[in-house]
Amino acid sequence: MSEKIKFTIDGKECVAKKGQYILEAALENGVYIPFLCNMEGVKPAGSCRLCNVKINGRNMTACTTPVASGMEIESEIPELQELRLSIIEMLFVEGNHFCPSCEKSGNCELQALAYKFQMLVPRFPYEFPLKEVDATSPKLYIDRNRCIKCKRCIRTIKDEKGRSFFAFNKRAHDVEICLDKELAATMSDELAQEAMDVCPVGAILRKEKGFDQPIGTRKFDKQAIGTEIISVVENINLEGKE
Amino acid sequence: MRTIINNIIEKFNGDEARLMDILLDIQAEFGLISDEVVALVAEGLNISSVDVKQTLSFYHFFSQKSRGKYTIYLNDSAVAYMMGRAEIAKVFEEECKCKFGSVSEDGQIGLFNTACIGMNDQEPAAIINGTVFPKLTESCVKDLVKGMKEGKCVTDMVGEYGDGKNGSELLKSMVNNNIMKKGSVLFSDYECGSAINKLVTMTPKEVIGEVKASHIRGLGGAGFPTGMKWDFCSMAEGDERYVLCNADEGEPGTFKDRVILTELPNLIFEGMTIAAYAIGAKEGVLYLRQEYHYMKAYLEGVLNNLREENFLGKNIAGKIGFDFDIRIQFGAGAYVCGEESALIESCEGKRGEPRNRPPFPVQKGYLQKPTVINNVETLSSVVKIIENGGEWFSMMGTKETAGTKLLSISGDCKYPGVYEVEWGIRVRDMLEMAGADDAYAVQVSGPSGVCISKKDFKRSICFEDLPSGGSIIIIGKQRNLIKDIVCSFMDFFIDESCGSCVPCRSLPVILKNKLQKLLDGNGVMSDLTDLEDWSKNMKAANRCGLGQTAANPILSTLKNFRGDYEALIKNKEKDFDTGFNLDAAVAASCEAVGRNPQI
């Protein structure tokens, strides 16, 4: 068994395996730290910056920082919650997010976070940028209006040789995701579904299949994002398991 | 074409980590990297086309379309404008009959903007097919364009050579060094190889001990203690280690590394060799910005001489088992690659996106091996530390910042150039030295540093007071601080963000728009509070130094020149937002449906 270390988040005592990232360890201890780019089992990107926590007064991303023994982590403090809300607002103004017409509404993590943080009108002016929808591949639509550049698709969707289907193109404000034309032609339905599922928003959608999950039964329709983590841990505790 | 591409790939052993070099060779060969070529490279390296494209599209000097037989990159930094860039640009456009950002109709001449090219002391300056043309005047632009229309070779159009080694056979450059003050470290007497000869009589531990005793701190800007960095690296686990020299000097207003590279290249390579000995590295990389490509043949010549003299290669200076060699890795135009972990990514052929830390480069750096990465000036200074001892070095400078510093001074002053001063020099004395009698503001350490006003001219340049990576831009009273300086710096950060972190990708644009609103006369007092509050998030939320400092131009001028901002707000009582222009907002839809917005 690997070595266990103790640490606290907002005063709550937690236990982690040595070398574990803070975000992963927090979730296992029933503490929700908001995030968008992170994915279980995938090398963290540390790019959405939502999981910023404070350690010894310094801001660090929980998804990329390993837990150290005795670490005292601050997370749900007004300063950080405000920072997180502002990042969510930035994402809303730099893209074009029209929830009512989006197939991912209810399953969208950005939308769910906006609800959780009770975002009303973003403090920043909307940019209303002109973005392209790329429907040239046989299995997927890429709607860049909704892409939040979290790199989940880039990091996970690969062919059997390890080649990436997705990659960034350009840089800075113009950065966008691209789907490799040649590889896209070989994409299986399963991989196409996986690509759609890893996307936290509605930027990657399958063709010839849509709206198969009715509104009202979607992931965040009745439950706020993050609450599922806390309830899972409570259930585990009730059942007397570790 | 396939053969040419395959030969290039083969030259780099089909190694994906050398994608930068492969793309640089292709760009040089064809003048562009077409989709067809991208597919061939992907096939040759067994990666996807989008993976090739993600590196290619990250760097400013790679292009998928032709940029002309003659490609002119004219610096558009704030200081270039101070020195008359706008007029020069106009002459270029008139003579070439095309606008900046495009290629002339016959495909001959391309005009493009580029960020600071490290020539702030001799602006306006342009890079044409790799050759630098400084101090451009209307008549020399006309001559240049005439020459290009006649089909002359760019190197044949080079005029009078610059001072020092700029005139040497392999450089033949018009660039001037402008060394205005020689100090007692970098510009003291130097005999190539004497430090290495001493080095091999010491143990690596003793070398690190000497560097620690000197208290030298990284001179690229971050100021991390060099001895400690080497110590960490030497202790990190790894079968191989690397020494990287950061010569990506991209901070607008700094050009001191250019001068060291020109006048004292041996010093840099010797410094890298010392670092290699201390940590046990066999390979080193000099990461050189594309803007300094004109030094390629010259620096390679210097490396060859060092190999011949056995100061590089096998059993260096007769020490059995001390093997080390250096290759030059060119960048392709990305400021963020000056950040050490982004530089490493770029050396590995990837997009220059800074890495998450930990792990630090000393633990897992180049090719995931322990790596020491130091700035040109730091490594050069280390040579003198080994020669003269750490204590000698530590006696200079201030309590917390030992030694000397090269300052690149430019802007509104009589004597722009490079000054080697002891750390701790007062801003006032520095201004006097540079012949800046009526400075309104001084930008210390470039756009990522701070902009100070007269009340701070008594302060000193050192890590305990005003840290500086070397860029000093003097701003005279005749300038419009917000329009000419702050906006230019924000545009720079907008272009140069890698785009990975949300706040760094998104906020600078929002902040710049807010500045524009103020400049357009639509500002209200609450805009200033917004600017301040939003800017603070940049420091708090971003991963790397670029993102954390990208709002500094606004934060420091809001603090030190608040009056300049308030003067832009006509009615200070008004508290509602007048930034929204209804007519402009509906203009596109009105045009589409043919409606007049006034009715």
# chains A, B, ... in the order shown; residues from 1 in each chain; ligands from 1
call {"tool": "residues_around", "arguments": {"residues": "Leu267 (chain B)", "least_positions_apart": "4", "cutoff": "8 Å", "atoms": "only C-alpha atoms", "output": "PyMOL selection string"}}
result
chain B and resi 192+271+379-380+383
call {"tool": "interface_residues", "arguments": {"of": "chain A", "to": "chain B", "cutoff": "6 Å", "atoms": "only C-alpha atoms", "output": "ChimeraX atom specification"}}
result
/A:47-48,163,167-173,180
call {"tool": "write_last_selection", "arguments": {"atoms": "C-alpha atoms", "output": "mmCIF file, in the first residue's frame"}}
result
data_model
loop_
_atom_site.group_PDB
_atom_site.id
_atom_site.type_symbol
_atom_site.label_atom_id
_atom_site.label_comp_id
_atom_site.auth_asym_id
_atom_site.auth_seq_id
_atom_site.Cartn_x
_atom_site.Cartn_y
_atom_site.Cartn_z
ATOM 1 C CA SER A 47 -5.096 25.798 -18.316
ATOM 2 C CA CYS A 48 -8.600 26.773 -17.189
ATOM 3 C CA ARG A 163 -1.400 10.105 -33.101
ATOM 4 C CA ALA A 167 -4.607 19.843 -31.875
ATOM 5 C CA PHE A 168 -4.412 23.551 -31.247
ATOM 6 C CA ASN A 169 -3.959 25.878 -34.155
ATOM 7 C CA LYS A 170 -2.535 29.438 -33.906
ATOM 8 C CA ARG A 171 -1.901 31.096 -30.573
ATOM 9 C CA ALA A 172 -3.031 33.753 -28.110
ATOM 10 C CA HIS A 173 -6.553 35.089 -28.605
ATOM 11 C CA ASP A 180 -7.030 16.180 -38.424
#
call {"tool": "atom_distance", "arguments": {"atom1": "CA of Arg146 (chain A)", "atom2": "CA of Leu130 (chain A)"}}
result
11.5 Å
call {"tool": "select_by_dssp", "arguments": {"residues": "region 205-277 of chain B", "states": "strand (DSSP E)", "output": "compact mmCIF listing (two decimals) with C-alpha atoms, in the first residue's frame"}}
result
# COMPACT_ATOMS: atom_id res chain seq x y z
CA TYR B 242 21.59 19.46 -20.20
CA VAL B 243 22.72 23.06 -20.19
CA LEU B 244 20.50 25.49 -22.06
CA CYS B 245 21.39 29.08 -22.69
CA ASN B 246 18.47 31.43 -23.05
CA ALA B 247 19.29 33.85 -25.89
call {"tool": "atom_distance", "arguments": {"atom1": "CA of Leu466 (chain B)", "atom2": "CA of Ala275 (chain B)"}}
result
28.1 Å
call {"tool": "closest_residue", "arguments": {"among": "B:Tyr287, B:Glu420, B:Ser556, B:Tyr366", "to": "Val486 (chain B)", "atoms": "only C-alpha atoms"}}
result
B:Ser556
call {"tool": "residues_around", "arguments": {"residues": "Leu261 (chain B)", "least_positions_apart": "3", "cutoff": "9 Å", "atoms": "only C-alpha atoms", "output": "PyMOL selection string"}}
result
chain B and resi 247+256-258+264-268+295+299+376
call {"tool": "write_last_selection", "arguments": {"atoms": "C-alpha atoms", "output": "short mmCIF file (atom, residue, chain, number, x, y, z; two decimals), in the first residue's frame"}}
result
data_model
loop_
_atom_site.label_atom_id
_atom_site.label_comp_id
_atom_site.auth_asym_id
_atom_site.auth_seq_id
_atom_site.Cartn_x
_atom_site.Cartn_y
_atom_site.Cartn_z
CA ALA B 247 19.29 33.85 -25.89
CA LYS B 256 22.21 43.60 -24.27
CA ASP B 257 22.41 39.90 -25.17
CA ARG B 258 22.80 40.92 -28.81
CA LEU B 264 31.92 38.18 -26.45
CA PRO B 265 30.43 34.95 -27.81
CA ASN B 266 33.36 32.94 -26.41
CA LEU B 267 32.35 34.10 -22.97
CA ILE B 268 28.85 32.64 -23.37
CA MET B 295 24.69 35.81 -36.44
CA LEU B 299 28.47 31.93 -33.98
CA VAL B 376 23.30 34.77 -21.78
#
call {"tool": "residues_around", "arguments": {"residues": "Ala184 (chain A)", "least_positions_apart": "2", "cutoff": "9 Å", "atoms": "only C-alpha atoms", "output": "PDB file with C-alpha atoms, in the first residue's frame"}}
result
ATOM      1  CA  SER A 137     -15.405  15.506 -41.014  1.00  0.00           C
ATOM      2  CA  PRO A 138     -17.783  12.552 -41.441  1.00  0.00           C
ATOM      3  CA  LYS A 139     -18.529  11.947 -37.761  1.00  0.00           C
ATOM      4  CA  LEU A 140     -18.258  15.250 -35.924  1.00  0.00           C
ATOM      5  CA  PHE A 165      -6.948  13.600 -33.828  1.00  0.00           C
ATOM      6  CA  LEU A 179      -9.459  18.032 -36.183  1.00  0.00           C
ATOM      7  CA  ASP A 180      -7.030  16.180 -38.424  1.00  0.00           C
ATOM      8  CA  LYS A 181      -8.814  15.652 -41.745  1.00  0.00           C
ATOM      9  CA  GLU A 182      -7.041  12.468 -42.671  1.00  0.00           C
ATOM     10  CA  THR A 186     -10.974   6.867 -40.115  1.00  0.00           C
ATOM     11  CA  MET A 187     -12.760   7.742 -36.877  1.00  0.00           C
ATOM     12  CA  SER A 188     -14.995   5.080 -35.375  1.00  0.00           C
TER      13      SER A 188
END
call {"tool": "residues_around", "arguments": {"residues": "region 5-19 of chain A", "least_positions_apart": "4", "cutoff": "9 Å", "atoms": "only C-alpha atoms", "output": "PyMOL selection string"}}
result
chain A and resi 24-26+28-29+31+66-77
call {"tool": "write_last_selection", "arguments": {"atoms": "C-alpha atoms", "output": "PDB file, in the first residue's frame"}}
result
ATOM      1  CA  GLU A  24      -7.734  14.395  -7.295  1.00  0.00           C
ATOM      2  CA  ALA A  25      -7.098  13.986  -3.574  1.00  0.00           C
ATOM      3  CA  ALA A  26      -9.709  16.608  -2.700  1.00  0.00           C
ATOM      4  CA  GLU A  28     -11.595  11.567  -3.044  1.00  0.00           C
ATOM      5  CA  ASN A  29     -12.062  13.288   0.296  1.00  0.00           C
ATOM      6  CA  VAL A  31     -14.150  18.228  -1.251  1.00  0.00           C
ATOM      7  CA  PRO A  66       1.056  17.354  -5.772  1.00  0.00           C
ATOM      8  CA  VAL A  67      -0.123  17.194  -2.169  1.00  0.00           C
ATOM      9  CA  ALA A  68       2.583  17.531   0.448  1.00  0.00           C
ATOM     10  CA  SER A  69       2.303  16.319   3.994  1.00  0.00           C
ATOM     11  CA  GLY A  70       0.780  18.896   6.316  1.00  0.00           C
ATOM     12  CA  MET A  71      -0.226  21.184   3.461  1.00  0.00           C
ATOM     13  CA  GLU A  72      -2.850  23.755   4.450  1.00  0.00           C
ATOM     14  CA  ILE A  73      -4.945  24.576   1.430  1.00  0.00           C
ATOM     15  CA  GLU A  74      -7.484  27.356   1.111  1.00  0.00           C
ATOM     16  CA  SER A  75     -10.125  26.929  -1.550  1.00  0.00           C
ATOM     17  CA  GLU A  76     -13.600  28.272  -0.817  1.00  0.00           C
ATOM     18  CA  ILE A  77     -12.492  31.721   0.252  1.00  0.00           C
TER      19      ILE A  77
END
call {"tool": "residues_around", "arguments": {"residues": "Gln223 (chain A)", "least_positions_apart": "6", "cutoff": "12 Å", "atoms": "only C-alpha atoms", "output": "JSON, numbers by chain"}}
result
{"A": [106, 107, 112, 113, 115, 116, 216, 217, 229, 230, 231]}
call {"tool": "residues_around", "arguments": {"residues": "Phe128 (chain A)", "least_positions_apart": "6", "cutoff": "8 Å", "atoms": "only C-alpha atoms", "output": "PyMOL selection string"}}
result
chain A and resi 93-96
call {"tool": "atom_distance", "arguments": {"atom1": "CA of Phe492 (chain B)", "atom2": "CA of Ala115 (chain B)"}}
result
7.2 Å
call {"tool": "closest_residue", "arguments": {"among": "B:Glu169, B:Asp491, B:Glu206, B:Glu377", "to": "Ala297 (chain B)", "atoms": "only C-alpha atoms"}}
result
B:Glu169
call {"tool": "closest_residue", "arguments": {"among": "A:Leu23, A:Ala203, A:Cys153, A:Val133", "to": "His97 (chain A)", "atoms": "only C-alpha atoms"}}
result
A:Ala203
call {"tool": "select_by_dssp", "arguments": {"residues": "region 537-592 of chain B", "states": "helix (DSSP H, G or I)", "output": "PyMOL selection string"}}
result
chain B and resi 537-541+545-549+552-560+562-566+582-592
